[in-house]
file coords_7.pdb (PDB, C-alpha atoms, pLDDT in the B column)
ATOM      1  CA  MET A   1    -204.780 -81.365  27.379  1.00 66.00           C
ATOM      2  CA  LEU A   2    -207.638 -82.430  25.125  1.00 73.00           C
ATOM      3  CA  MET A   3    -209.322 -79.861  22.896  1.00 83.00           C
ATOM      4  CA  THR A   4    -212.842 -78.751  23.659  1.00 88.00           C
ATOM      5  CA  ALA A   5    -215.483 -79.095  20.954  1.00 90.00           C
ATOM      6  CA  ARG A   6    -215.261 -75.334  20.424  1.00 91.00           C
ATOM      7  CA  GLU A   7    -211.490 -75.477  19.972  1.00 92.00           C
ATOM      8  CA  GLN A   8    -211.882 -78.348  17.515  1.00 93.00           C
ATOM      9  CA  GLU A   9    -214.168 -76.178  15.385  1.00 94.00           C
ATOM     10  CA  ILE A  10    -211.788 -73.205  15.576  1.00 95.00           C
ATOM     11  CA  SER A  11    -208.961 -75.536  14.501  1.00 96.00           C
ATOM     12  CA  ARG A  12    -211.044 -76.909  11.626  1.00 95.00           C
ATOM     13  CA  ILE A  13    -212.008 -73.459  10.341  1.00 96.00           C
ATOM     14  CA  CYS A  14    -208.432 -72.192  10.619  1.00 97.00           C
ATOM     15  CA  GLY A  15    -207.256 -75.226   8.668  1.00 97.00           C
ATOM     16  CA  ASP A  16    -209.770 -74.574   5.891  1.00 97.00           C
ATOM     17  CA  ILE A  17    -208.704 -70.927   5.642  1.00 97.00           C
ATOM     18  CA  PHE A  18    -204.987 -71.695   5.810  1.00 97.00           C
ATOM     19  CA  TRP A  19    -204.997 -74.308   3.053  1.00 97.00           C
ATOM     20  CA  SER A  20    -207.237 -72.263   0.772  1.00 96.00           C
ATOM     21  CA  CYS A  21    -205.609 -68.835   1.295  1.00 95.00           C
ATOM     22  CA  MET A  22    -202.059 -69.285   2.610  1.00 96.00           C
ATOM     23  CA  ALA A  23    -200.746 -72.483   1.012  1.00 97.00           C
ATOM     24  CA  ARG A  24    -200.535 -73.981  -2.461  1.00 96.00           C
ATOM     25  CA  PRO A  25    -201.450 -77.585  -3.198  1.00 95.00           C
ATOM     26  CA  GLU A  26    -198.263 -79.659  -3.325  1.00 94.00           C
ATOM     27  CA  ASN A  27    -198.535 -80.199  -7.075  1.00 95.00           C
ATOM     28  CA  GLU A  28    -198.740 -76.427  -7.661  1.00 96.00           C
ATOM     29  CA  ARG A  29    -195.804 -75.334  -5.518  1.00 97.00           C
ATOM     30  CA  VAL A  30    -192.986 -73.614  -7.381  1.00 97.00           C
ATOM     31  CA  PRO A  31    -189.453 -74.732  -6.424  1.00 97.00           C
ATOM     32  CA  LEU A  32    -187.131 -71.896  -5.490  1.00 98.00           C
ATOM     33  CA  THR A  33    -184.252 -71.058  -7.802  1.00 98.00           C
ATOM     34  CA  ARG A  34    -181.040 -69.470  -6.568  1.00 98.00           C
ATOM     35  CA  GLU A  35    -182.353 -66.059  -7.623  1.00 98.00           C
ATOM     36  CA  SER A  36    -185.888 -66.424  -6.254  1.00 98.00           C
ATOM     37  CA  ALA A  37    -184.583 -67.779  -2.922  1.00 98.00           C
ATOM     38  CA  ASN A  38    -182.229 -64.817  -2.506  1.00 98.00           C
ATOM     39  CA  ALA A  39    -185.005 -62.390  -3.448  1.00 98.00           C
ATOM     40  CA  LEU A  40    -187.433 -64.042  -1.009  1.00 98.00           C
ATOM     41  CA  LEU A  41    -184.935 -63.616   1.805  1.00 98.00           C
ATOM     42  CA  ILE A  42    -184.713 -59.881   1.063  1.00 98.00           C
ATOM     43  CA  SER A  43    -188.512 -59.571   0.786  1.00 98.00           C
ATOM     44  CA  CYS A  44    -188.982 -61.092   4.238  1.00 97.00           C
ATOM     45  CA  LEU A  45    -186.108 -59.042   5.660  1.00 97.00           C
ATOM     46  CA  VAL A  46    -187.670 -55.727   4.597  1.00 97.00           C
ATOM     47  CA  ASN A  47    -191.195 -56.722   5.683  1.00 95.00           C
ATOM     48  CA  ARG A  48    -190.970 -54.453   8.715  1.00 90.00           C
ATOM     49  CA  GLN A  49    -193.546 -51.678   9.135  1.00 89.00           C
ATOM     50  CA  ILE A  50    -194.481 -51.814   5.476  1.00 92.00           C
ATOM     51  CA  ALA A  51    -197.152 -53.929   3.801  1.00 91.00           C
ATOM     52  CA  TRP A  52    -196.152 -57.300   2.364  1.00 92.00           C
ATOM     53  CA  GLU A  53    -197.256 -56.055  -1.053  1.00 93.00           C
ATOM     54  CA  GLN A  54    -194.566 -53.358  -0.811  1.00 96.00           C
ATOM     55  CA  ALA A  55    -191.922 -55.709   0.562  1.00 96.00           C
ATOM     56  CA  VAL A  56    -192.382 -58.339  -2.124  1.00 96.00           C
ATOM     57  CA  VAL A  57    -191.829 -55.882  -4.993  1.00 97.00           C
ATOM     58  CA  LEU A  58    -188.868 -54.047  -3.439  1.00 98.00           C
ATOM     59  CA  VAL A  59    -186.236 -56.247  -5.101  1.00 98.00           C
ATOM     60  CA  ASP A  60    -187.779 -55.843  -8.555  1.00 98.00           C
ATOM     61  CA  GLU A  61    -188.071 -52.082  -8.071  1.00 98.00           C
ATOM     62  CA  MET A  62    -184.409 -51.930  -7.024  1.00 98.00           C
ATOM     63  CA  LYS A  63    -183.412 -53.920 -10.111  1.00 98.00           C
ATOM     64  CA  GLN A  64    -185.267 -51.498 -12.362  1.00 98.00           C
ATOM     65  CA  ARG A  65    -183.563 -48.533 -10.724  1.00 98.00           C
ATOM     66  CA  THR A  66    -180.045 -50.014 -10.797  1.00 98.00           C
ATOM     67  CA  GLY A  67    -180.077 -52.079 -13.986  1.00 98.00           C
ATOM     68  CA  TYR A  68    -179.043 -55.242 -12.126  1.00 98.00           C
ATOM     69  CA  HIS A  69    -180.742 -58.563 -12.833  1.00 97.00           C
ATOM     70  CA  ASP A  70    -179.250 -60.547  -9.953  1.00 98.00           C
ATOM     71  CA  THR A  71    -180.216 -59.916  -6.318  1.00 98.00           C
ATOM     72  CA  LEU A  72    -176.910 -61.148  -4.877  1.00 98.00           C
ATOM     73  CA  ARG A  73    -174.791 -59.035  -7.194  1.00 98.00           C
ATOM     74  CA  MET A  74    -176.934 -55.945  -6.672  1.00 98.00           C
ATOM     75  CA  PHE A  75    -176.616 -55.970  -2.899  1.00 98.00           C
ATOM     76  CA  THR A  76    -172.952 -57.047  -2.770  1.00 98.00           C
ATOM     77  CA  GLU A  77    -171.482 -54.950  -5.580  1.00 98.00           C
ATOM     78  CA  LEU A  78    -173.258 -51.743  -4.532  1.00 98.00           C
ATOM     79  CA  THR A  79    -172.216 -50.214  -1.217  1.00 97.00           C
ATOM     80  CA  PRO A  80    -174.827 -49.768   1.531  1.00 98.00           C
ATOM     81  CA  THR A  81    -174.694 -46.017   0.896  1.00 98.00           C
ATOM     82  CA  MET A  82    -175.422 -46.522  -2.803  1.00 98.00           C
ATOM     83  CA  VAL A  83    -178.246 -48.982  -2.039  1.00 98.00           C
ATOM     84  CA  GLU A  84    -179.737 -46.529   0.433  1.00 98.00           C
ATOM     85  CA  HIS A  85    -179.608 -43.733  -2.140  1.00 98.00           C
ATOM     86  CA  VAL A  86    -181.426 -45.854  -4.722  1.00 98.00           C
ATOM     87  CA  MET A  87    -183.923 -47.249  -2.228  1.00 98.00           C
ATOM     88  CA  PHE A  88    -184.955 -43.782  -1.106  1.00 97.00           C
ATOM     89  CA  GLU A  89    -185.233 -42.099  -4.475  1.00 96.00           C
ATOM     90  CA  LYS A  90    -188.778 -40.817  -4.746  1.00 94.00           C
ATOM     91  CA  PRO A  91    -190.976 -42.694  -4.352  1.00 96.00           C
ATOM     92  CA  ALA A  92    -189.116 -44.291  -1.439  1.00 97.00           C
ATOM     93  CA  LEU A  93    -189.353 -48.065  -1.284  1.00 97.00           C
ATOM     94  CA  HIS A  94    -189.213 -48.287   2.502  1.00 97.00           C
ATOM     95  CA  ARG A  95    -189.713 -46.272   5.676  1.00 95.00           C
ATOM     96  CA  HIS A  96    -186.368 -47.052   7.348  1.00 96.00           C
ATOM     97  CA  HIS A  97    -182.977 -46.177   5.914  1.00 97.00           C
ATOM     98  CA  TYR A  98    -181.171 -48.885   7.908  1.00 97.00           C
ATOM     99  CA  GLN A  99    -182.882 -51.536   5.769  1.00 97.00           C
ATOM    100  CA  ALA A 100    -180.388 -50.799   2.990  1.00 98.00           C
ATOM    101  CA  ARG A 101    -177.528 -51.890   5.240  1.00 98.00           C
ATOM    102  CA  PHE A 102    -179.410 -54.989   6.396  1.00 98.00           C
ATOM    103  CA  CYS A 103    -180.009 -56.028   2.773  1.00 98.00           C
ATOM    104  CA  CYS A 104    -176.334 -55.653   1.886  1.00 98.00           C
ATOM    105  CA  GLU A 105    -175.180 -57.506   5.006  1.00 98.00           C
ATOM    106  CA  ALA A 106    -177.619 -60.345   4.349  1.00 98.00           C
ATOM    107  CA  MET A 107    -176.411 -60.892   0.800  1.00 98.00           C
ATOM    108  CA  VAL A 108    -172.762 -60.646   1.852  1.00 98.00           C
ATOM    109  CA  ARG A 109    -173.503 -63.411   4.367  1.00 98.00           C
ATOM    110  CA  VAL A 110    -175.170 -65.487   1.639  1.00 98.00           C
ATOM    111  CA  ARG A 111    -172.173 -64.905  -0.645  1.00 98.00           C
ATOM    112  CA  ASP A 112    -169.499 -65.703   1.945  1.00 98.00           C
ATOM    113  CA  HIS A 113    -171.159 -68.503   3.937  1.00 98.00           C
ATOM    114  CA  LEU A 114    -173.708 -70.072   1.595  1.00 98.00           C
ATOM    115  CA  ASP A 115    -171.872 -70.010  -1.745  1.00 98.00           C
ATOM    116  CA  GLY A 116    -174.199 -67.262  -2.960  1.00 98.00           C
ATOM    117  CA  ASP A 117    -177.342 -69.381  -2.630  1.00 98.00           C
ATOM    118  CA  THR A 118    -179.901 -69.019   0.175  1.00 98.00           C
ATOM    119  CA  ARG A 119    -181.117 -72.550  -0.597  1.00 98.00           C
ATOM    120  CA  ASN A 120    -177.988 -73.896   1.075  1.00 98.00           C
ATOM    121  CA  LEU A 121    -179.667 -73.039   4.381  1.00 98.00           C
ATOM    122  CA  TRP A 122    -181.748 -76.206   3.982  1.00 98.00           C
ATOM    123  CA  ARG A 123    -179.594 -78.476   1.790  1.00 96.00           C
ATOM    124  CA  ASP A 124    -179.224 -80.901   4.712  1.00 96.00           C
ATOM    125  CA  SER A 125    -183.017 -81.159   5.304  1.00 94.00           C
ATOM    126  CA  PRO A 126    -183.049 -79.521   8.758  1.00 97.00           C
ATOM    127  CA  THR A 127    -186.010 -79.405  11.079  1.00 96.00           C
ATOM    128  CA  GLY A 128    -188.136 -76.281  10.963  1.00 95.00           C
ATOM    129  CA  GLY A 129    -186.643 -75.192  14.291  1.00 95.00           C
ATOM    130  CA  GLN A 130    -183.105 -75.561  12.972  1.00 97.00           C
ATOM    131  CA  LEU A 131    -183.922 -73.543   9.861  1.00 97.00           C
ATOM    132  CA  LEU A 132    -185.534 -70.819  11.969  1.00 96.00           C
ATOM    133  CA  ASP A 133    -182.350 -70.578  14.058  1.00 96.00           C
ATOM    134  CA  ARG A 134    -180.272 -70.223  10.885  1.00 98.00           C
ATOM    135  CA  LEU A 135    -182.534 -67.462   9.604  1.00 98.00           C
ATOM    136  CA  LEU A 136    -182.358 -65.640  12.929  1.00 96.00           C
ATOM    137  CA  ASP A 137    -178.577 -65.387  12.495  1.00 97.00           C
ATOM    138  CA  PHE A 138    -179.201 -62.777   9.790  1.00 98.00           C
ATOM    139  CA  LYS A 139    -179.127 -59.280  11.230  1.00 96.00           C
ATOM    140  CA  GLY A 140    -182.536 -57.677  10.790  1.00 96.00           C
ATOM    141  CA  LEU A 141    -184.490 -60.933  10.584  1.00 96.00           C
ATOM    142  CA  GLY A 142    -186.620 -61.360  13.695  1.00 94.00           C
ATOM    143  CA  PHE A 143    -188.838 -64.265  14.612  1.00 93.00           C
ATOM    144  CA  LYS A 144    -191.866 -62.852  12.765  1.00 93.00           C
ATOM    145  CA  THR A 145    -190.043 -62.372   9.465  1.00 95.00           C
ATOM    146  CA  SER A 146    -188.122 -65.658   9.807  1.00 96.00           C
ATOM    147  CA  ALA A 147    -191.372 -67.559  10.418  1.00 95.00           C
ATOM    148  CA  LEU A 148    -192.845 -65.824   7.374  1.00 95.00           C
ATOM    149  CA  PHE A 149    -189.914 -66.974   5.229  1.00 97.00           C
ATOM    150  CA  LEU A 150    -190.310 -70.522   6.534  1.00 97.00           C
ATOM    151  CA  ARG A 151    -194.055 -70.611   5.842  1.00 97.00           C
ATOM    152  CA  LEU A 152    -193.672 -69.275   2.307  1.00 97.00           C
ATOM    153  CA  ALA A 153    -190.734 -71.524   1.448  1.00 97.00           C
ATOM    154  CA  VAL A 154    -192.499 -74.640   2.732  1.00 97.00           C
ATOM    155  CA  PHE A 155    -196.099 -74.049   1.675  1.00 98.00           C
ATOM    156  CA  GLN A 156    -195.557 -72.048  -1.508  1.00 97.00           C
ATOM    157  CA  ASN A 157    -192.249 -73.460  -2.723  1.00 97.00           C
ATOM    158  CA  ASN A 158    -192.249 -76.983  -1.265  1.00 95.00           C
ATOM    159  CA  ILE A 159    -188.920 -77.077   0.573  1.00 96.00           C
ATOM    160  CA  GLN A 160    -188.666 -80.270   2.621  1.00 95.00           C
ATOM    161  CA  LEU A 161    -188.063 -80.242   6.378  1.00 97.00           C
ATOM    162  CA  HIS A 162    -186.908 -83.238   8.402  1.00 96.00           C
ATOM    163  CA  ASP A 163    -189.964 -83.016  10.682  1.00 96.00           C
ATOM    164  CA  GLY A 164    -192.504 -82.128   8.004  1.00 95.00           C
ATOM    165  CA  TYR A 165    -194.847 -79.352   9.126  1.00 97.00           C
ATOM    166  CA  MET A 166    -194.595 -80.037  12.861  1.00 96.00           C
ATOM    167  CA  SER A 167    -192.197 -77.196  13.686  1.00 93.00           C
ATOM    168  CA  CYS A 168    -193.881 -74.648  11.416  1.00 96.00           C
ATOM    169  CA  VAL A 169    -195.483 -72.298  13.933  1.00 94.00           C
ATOM    170  CA  PRO A 170    -197.543 -69.080  13.714  1.00 94.00           C
ATOM    171  CA  SER A 171    -195.591 -65.846  13.429  1.00 89.00           C
ATOM    172  CA  ASP A 172    -195.718 -63.255  16.188  1.00 89.00           C
ATOM    173  CA  ASP A 173    -198.131 -61.095  14.213  1.00 90.00           C
ATOM    174  CA  ARG A 174    -200.375 -58.446  15.759  1.00 90.00           C
ATOM    175  CA  HIS A 175    -203.435 -59.714  13.872  1.00 92.00           C
ATOM    176  CA  VAL A 176    -202.857 -63.271  15.079  1.00 94.00           C
ATOM    177  CA  ARG A 177    -202.471 -61.978  18.623  1.00 94.00           C
ATOM    178  CA  ARG A 178    -205.608 -59.829  18.512  1.00 92.00           C
ATOM    179  CA  VAL A 179    -207.885 -62.391  16.927  1.00 94.00           C
ATOM    180  CA  GLY A 180    -206.665 -65.129  19.241  1.00 94.00           C
ATOM    181  CA  ALA A 181    -207.321 -62.847  22.216  1.00 93.00           C
ATOM    182  CA  ARG A 182    -210.833 -62.060  20.997  1.00 91.00           C
ATOM    183  CA  LEU A 183    -211.496 -65.777  20.681  1.00 92.00           C
ATOM    184  CA  GLY A 184    -210.261 -66.326  24.211  1.00 92.00           C
ATOM    185  CA  LEU A 185    -207.329 -68.515  23.152  1.00 94.00           C
ATOM    186  CA  TRP A 186    -204.822 -66.296  24.996  1.00 94.00           C
ATOM    187  CA  ASP A 187    -204.349 -62.787  26.385  1.00 92.00           C
ATOM    188  CA  GLU A 188    -203.265 -60.200  23.817  1.00 87.00           C
ATOM    189  CA  ASP A 189    -199.996 -59.593  25.702  1.00 91.00           C
ATOM    190  CA  THR A 190    -199.198 -63.305  26.012  1.00 94.00           C
ATOM    191  CA  THR A 191    -195.796 -64.742  25.201  1.00 94.00           C
ATOM    192  CA  VAL A 192    -194.899 -66.167  21.803  1.00 93.00           C
ATOM    193  CA  LYS A 193    -194.203 -69.438  23.593  1.00 94.00           C
ATOM    194  CA  ASN A 194    -197.807 -69.597  24.782  1.00 96.00           C
ATOM    195  CA  ILE A 195    -199.164 -68.879  21.294  1.00 96.00           C
ATOM    196  CA  HIS A 196    -197.099 -71.766  19.970  1.00 95.00           C
ATOM    197  CA  GLU A 197    -198.278 -74.064  22.762  1.00 95.00           C
ATOM    198  CA  VAL A 198    -201.901 -73.268  21.903  1.00 96.00           C
ATOM    199  CA  ALA A 199    -201.185 -73.766  18.192  1.00 96.00           C
ATOM    200  CA  ARG A 200    -199.636 -77.183  18.845  1.00 96.00           C
ATOM    201  CA  ARG A 201    -202.543 -78.189  21.058  1.00 95.00           C
ATOM    202  CA  LEU A 202    -204.992 -77.268  18.299  1.00 96.00           C
ATOM    203  CA  ASN A 203    -202.943 -78.998  15.589  1.00 96.00           C
ATOM    204  CA  LEU A 204    -199.790 -80.914  16.488  1.00 95.00           C
ATOM    205  CA  VAL A 205    -199.097 -81.964  12.900  1.00 96.00           C
ATOM    206  CA  CYS A 206    -199.304 -78.441  11.406  1.00 97.00           C
ATOM    207  CA  PRO A 207    -199.405 -75.735  14.120  1.00 97.00           C
ATOM    208  CA  VAL A 208    -198.939 -72.954  11.560  1.00 97.00           C
ATOM    209  CA  GLU A 209    -202.542 -73.420  10.439  1.00 98.00           C
ATOM    210  CA  LEU A 210    -203.356 -70.969  13.241  1.00 97.00           C
ATOM    211  CA  ASP A 211    -201.730 -68.284  11.070  1.00 97.00           C
ATOM    212  CA  ALA A 212    -205.164 -68.228   9.412  1.00 97.00           C
ATOM    213  CA  LEU A 213    -206.138 -65.823  12.204  1.00 96.00           C
ATOM    214  CA  PHE A 214    -204.180 -63.254  10.153  1.00 94.00           C
ATOM    215  CA  ILE A 215    -206.794 -63.588   7.398  1.00 95.00           C
ATOM    216  CA  ILE A 216    -209.592 -63.076   9.935  1.00 94.00           C
ATOM    217  CA  GLY A 217    -207.790 -60.060  11.347  1.00 93.00           C
ATOM    218  CA  THR A 218    -207.278 -58.364   7.997  1.00 92.00           C
ATOM    219  CA  ASP A 219    -210.338 -59.372   5.955  1.00 93.00           C
ATOM    220  CA  TRP A 220    -212.804 -58.772   8.786  1.00 92.00           C
ATOM    221  CA  LYS A 221    -210.713 -56.129  10.620  1.00 90.00           C
ATOM    222  CA  CYS A 222    -211.009 -58.227  13.772  1.00 88.00           C
ATOM    223  CA  GLY A 223    -209.567 -56.436  16.766  1.00 74.00           C
ATOM    224  CA  GLY A 224    -209.954 -53.013  15.176  1.00 74.00           C
ATOM    225  CA  ALA A 225    -212.273 -50.240  16.288  1.00 77.00           C
ATOM    226  CA  ASN A 226    -214.925 -51.290  13.760  1.00 83.00           C
ATOM    227  CA  PRO A 227    -214.652 -55.045  13.125  1.00 87.00           C
ATOM    228  CA  LEU A 228    -216.639 -56.371  10.193  1.00 89.00           C
ATOM    229  CA  CYS A 229    -218.063 -59.332  12.094  1.00 88.00           C
ATOM    230  CA  HIS A 230    -221.196 -59.547   9.951  1.00 87.00           C
ATOM    231  CA  GLY A 231    -219.635 -58.990   6.558  1.00 89.00           C
ATOM    232  CA  ASN A 232    -216.313 -58.262   4.856  1.00 89.00           C
ATOM    233  CA  GLY A 233    -215.935 -56.429   1.571  1.00 85.00           C
ATOM    234  CA  GLU A 234    -217.705 -59.291  -0.192  1.00 88.00           C
ATOM    235  CA  GLY A 235    -220.523 -59.412   2.306  1.00 87.00           C
ATOM    236  CA  GLU A 236    -219.361 -62.660   3.903  1.00 90.00           C
ATOM    237  CA  PRO A 237    -219.786 -62.937   7.692  1.00 91.00           C
ATOM    238  CA  CYS A 238    -216.716 -63.901   9.700  1.00 92.00           C
ATOM    239  CA  PRO A 239    -216.515 -67.724   9.716  1.00 92.00           C
ATOM    240  CA  LEU A 240    -215.725 -67.642  13.447  1.00 90.00           C
ATOM    241  CA  LEU A 241    -218.723 -65.458  14.272  1.00 85.00           C
ATOM    242  CA  ARG A 242    -221.341 -68.020  15.261  1.00 75.00           C
ATOM    243  CA  PHE A 243    -220.708 -69.827  18.548  1.00 72.00           C
ATOM    244  CA  PHE A 244    -216.931 -69.335  18.537  1.00 82.00           C
ATOM    245  CA  CYS A 245    -216.245 -65.641  19.161  1.00 84.00           C
ATOM    246  CA  PRO A 246    -217.262 -64.424  22.620  1.00 83.00           C
ATOM    247  CA  SER A 247    -216.476 -60.797  21.779  1.00 76.00           C
ATOM    248  CA  ALA A 248    -218.262 -60.502  18.411  1.00 73.00           C
ATOM    249  CA  ARG A 249    -220.174 -57.284  17.799  1.00 63.00           C
TER     250      ARG A 249
END

call {"tool": "encode", "arguments": {"input": "coords_7.pdb", "output": "structure tokens"}}
result
Amino acid sequence: MLMTAREQEISRICGDIFWSCMARPENERVPLTRESANALLISCLVNRQIAWEQAVVLVDEMKQRTGYHDTLRMFTELTPTMVEHVMFEKPALHRHHYQARFCCEAMVRVRDHLDGDTRNLWRDSPTGGQLLDRLLDFKGLGFKTSALFLRLAVFQNNIQLHDGYMSCVPSDDRHVRRVGARLGLWDEDTTVKNIHEVARRLNLVCPVELDALFIIGTDWKCGGANPLCHGNGEGEPCPLLRFFCPSAR
């Protein structure tokens, strides 16, 4: 199905936002080391009901509390009970105690099946879909957090996929759902499959550009009780306001 002129503009604006806010230029991407890849896996794993800003510093906070300098060693040499104790010293680093066990199990899997290096998940240059399936084998990693890992690893750290960006799809994020629903792209309770179909129709080469709706949802509080349609914290009106949003206030 061909895109309408309105959908073409939505796609263009999402692309501009995605490449300026959610991706690094190729020449500025930082290759993952063994340590940073293992830490990124844990950061995405614990990004459940806490802000990303909290999730991304959890490993460093745990290192400070335990004296470890290596993510793999920290979560495999300490027992889940010990990790849980450290994680929930005040101030607690998470809301859910079971995350300690998930972190330990994930690093044990990396140690035993990936020679201690998360990067071995993509040594054979898999497609994005294949890498997502491998990530989903980790207990505690759902589709949302696996898609987040994939987006960061590809667009921030330049890992290479066999099919380029074509199988990088939007995560099942509540902001993406709400903004897309307000734009009339789908119903808020639609399936993830439908979101991906819309994303591919708007951009077959890089469907994940539609993740830019997350920026709209957070910066302009789109979908909330008091959306900032006419100005965010910097006084900028939502870029999708004019002509494109049928439910703007």

call {"tool": "resolve_selection", "arguments": {"input": "coords_7.pdb", "expression": "the PyMOL selection byres ((chain A and resi 119-130) around 7)", "output": "compact mmCIF listing (two decimals) with C-alpha atoms, keeping the file's coordinate frame"}}
result
# COMPACT_ATOMS: atom_id res chain seq x y z
CA ARG A 34 -181.04 -69.47 -6.57
CA ALA A 37 -184.58 -67.78 -2.92
CA LEU A 114 -173.71 -70.07 1.60
CA ASP A 117 -177.34 -69.38 -2.63
CA THR A 118 -179.90 -69.02 0.18
CA LEU A 131 -183.92 -73.54 9.86
CA LEU A 132 -185.53 -70.82 11.97
CA ASP A 133 -182.35 -70.58 14.06
CA ARG A 134 -180.27 -70.22 10.88
CA GLN A 160 -188.67 -80.27 2.62
CA LEU A 161 -188.06 -80.24 6.38
CA HIS A 162 -186.91 -83.24 8.40
CA ASP A 163 -189.96 -83.02 10.68
CA SER A 167 -192.20 -77.20 13.69
CA CYS A 168 -193.88 -74.65 11.42

call {"tool": "atom_distance", "arguments": {"input": "coords_7.pdb", "atom1": "CA of Val154 in chain A", "atom2": "CA of Asp60 in chain A"}}
result
22.4 Å

call {"tool": "residues_near_point", "arguments": {"input": "coords_7.pdb", "point": "(-185.6, -46.9, 3.3)", "cutoff": "12 Å", "atoms": "only C-alpha atoms", "output": "PyMOL selection string"}}
result
chain A and resi 46-50+54-55+58+62+80-103

call {"tool": "atom_distance", "arguments": {"input": "coords_7.pdb", "atom1": "CA of Pro207 in chain A", "atom2": "CA of Ile195 in chain A"}}
result
9.9 Å

call {"tool": "axis_aligned_box", "arguments": {"input": "coords_7.pdb", "around": "range 63-82 of chain A", "padding_each_side": "3 Å", "output": "AutoDock Vina command-line options"}}
result
--center_x -178.4 --center_y -53.6 --center_z -6.2 --size_x 19.8 --size_y 21.1 --size_z 21.5

call {"tool": "closest_residue", "arguments": {"input": "coords_7.pdb", "among": "A:Gly217, A:Gly164, A:Gly142, A:Gly184", "to": "Val205 in chain A", "atoms": "all atoms listed in the file"}}
result
A:Gly164

call {"tool": "atom_distance", "arguments": {"input": "coords_7.pdb", "atom1": "CA of Arg151 in chain A", "atom2": "CA of Gly116 in chain A"}}
result
22.0 Å

call {"tool": "closest_residue", "arguments": {"input": "coords_7.pdb", "among": "A:Leu135, A:Asn158, A:Leu41, A:Ala23", "to": "Cys104 in chain A", "atoms": "all atoms listed in the file"}}
result
A:Leu41

call {"tool": "closest_atom_pairs", "arguments": {"input": "coords_7.pdb", "of": "range 109-214 of chain A", "to": "range 9-20 of chain A", "cutoff": "12 Å", "atoms": "only C-alpha atoms", "output": "Markdown table"}}
result
| residue | atom | partner | partner_atom | distance |
| --- | --- | --- | --- | --- |
| A:Arg151 | CA | A:Phe18 | CA | 11.0 |
| A:Phe155 | CA | A:Trp19 | CA | 9.0 |
| A:Gln156 | CA | A:Trp19 | CA | 10.7 |
| A:Pro170 | CA | A:Phe18 | CA | 11.2 |
| A:Val176 | CA | A:Cys14 | CA | 11.4 |
| A:Val179 | CA | A:Ile10 | CA | 11.6 |
| A:Gly180 | CA | A:Ile10 | CA | 10.2 |
| A:Leu183 | CA | A:Ile10 | CA | 9.0 |
| A:Gly184 | CA | A:Ile10 | CA | 11.1 |
| A:Leu185 | CA | A:Ile10 | CA | 10.0 |
| A:Val198 | CA | A:Ser11 | CA | 10.5 |
| A:Ala199 | CA | A:Ser11 | CA | 8.8 |
| A:Arg200 | CA | A:Ser11 | CA | 10.4 |
| A:Arg201 | CA | A:Ser11 | CA | 9.6 |
| A:Leu202 | CA | A:Ser11 | CA | 5.8 |
| A:Asn203 | CA | A:Ser11 | CA | 7.0 |
| A:Leu204 | CA | A:Ser11 | CA | 10.8 |
| A:Val205 | CA | A:Gly15 | CA | 11.4 |
| A:Cys206 | CA | A:Gly15 | CA | 9.0 |
| A:Pro207 | CA | A:Ser11 | CA | 9.6 |
| A:Val208 | CA | A:Phe18 | CA | 8.4 |
| A:Glu209 | CA | A:Gly15 | CA | 5.3 |
| A:Leu210 | CA | A:Cys14 | CA | 5.8 |
| A:Asp211 | CA | A:Phe18 | CA | 7.1 |
| A:Ala212 | CA | A:Phe18 | CA | 5.0 |
| A:Leu213 | CA | A:Cys14 | CA | 7.0 |
| A:Phe214 | CA | A:Phe18 | CA | 9.5 |

call {"tool": "residues_around", "arguments": {"input": "coords_7.pdb", "residues": "Val59 in chain A", "least_positions_apart": "2", "cutoff": "8 Å", "atoms": "only C-alpha atoms", "output": "MDAnalysis selection string"}}
result
chainID A and resid 39 42:43 56:57 61:63 71

call {"tool": "closest_residue", "arguments": {"input": "coords_7.pdb", "among": "A:Thr66, A:Asn157, A:Thr145, A:Thr76", "to": "Cys44 in chain A", "atoms": "all atoms listed in the file"}}
result
A:Thr145

call {"tool": "resolve_selection", "arguments": {"input": "coords_7.pdb", "expression": "the PyMOL selection byres ((chain A and resi 238) around 12)", "output": "compact mmCIF listing (two decimals) with C-alpha atoms, in the coordinates of the input"}}
result
# COMPACT_ATOMS: atom_id res chain seq x y z
CA ILE A 13 -212.01 -73.46 10.34
CA CYS A 14 -208.43 -72.19 10.62
CA ILE A 17 -208.70 -70.93 5.64
CA VAL A 179 -207.88 -62.39 16.93
CA LEU A 213 -206.14 -65.82 12.20
CA ILE A 215 -206.79 -63.59 7.40
CA ILE A 216 -209.59 -63.08 9.94
CA GLY A 217 -207.79 -60.06 11.35
CA THR A 218 -207.28 -58.36 8.00
CA ASP A 219 -210.34 -59.37 5.96
CA TRP A 220 -212.80 -58.77 8.79
CA LYS A 221 -210.71 -56.13 10.62
CA CYS A 222 -211.01 -58.23 13.77
CA PRO A 227 -214.65 -55.04 13.12
CA LEU A 228 -216.64 -56.37 10.19
CA CYS A 229 -218.06 -59.33 12.09
CA HIS A 230 -221.20 -59.55 9.95
CA GLY A 231 -219.64 -58.99 6.56
CA ASN A 232 -216.31 -58.26 4.86
CA GLY A 233 -215.94 -56.43 1.57
CA GLU A 234 -217.70 -59.29 -0.19
CA GLY A 235 -220.52 -59.41 2.31
CA GLU A 236 -219.36 -62.66 3.90
CA PRO A 237 -219.79 -62.94 7.69
CA PRO A 239 -216.52 -67.72 9.72
CA LEU A 240 -215.72 -67.64 13.45
CA LEU A 241 -218.72 -65.46 14.27
CA ARG A 242 -221.34 -68.02 15.26
CA PHE A 243 -220.71 -69.83 18.55
CA PHE A 244 -216.93 -69.33 18.54
CA CYS A 245 -216.24 -65.64 19.16
CA ALA A 248 -218.26 -60.50 18.41
CA ARG A 249 -220.17 -57.28 17.80
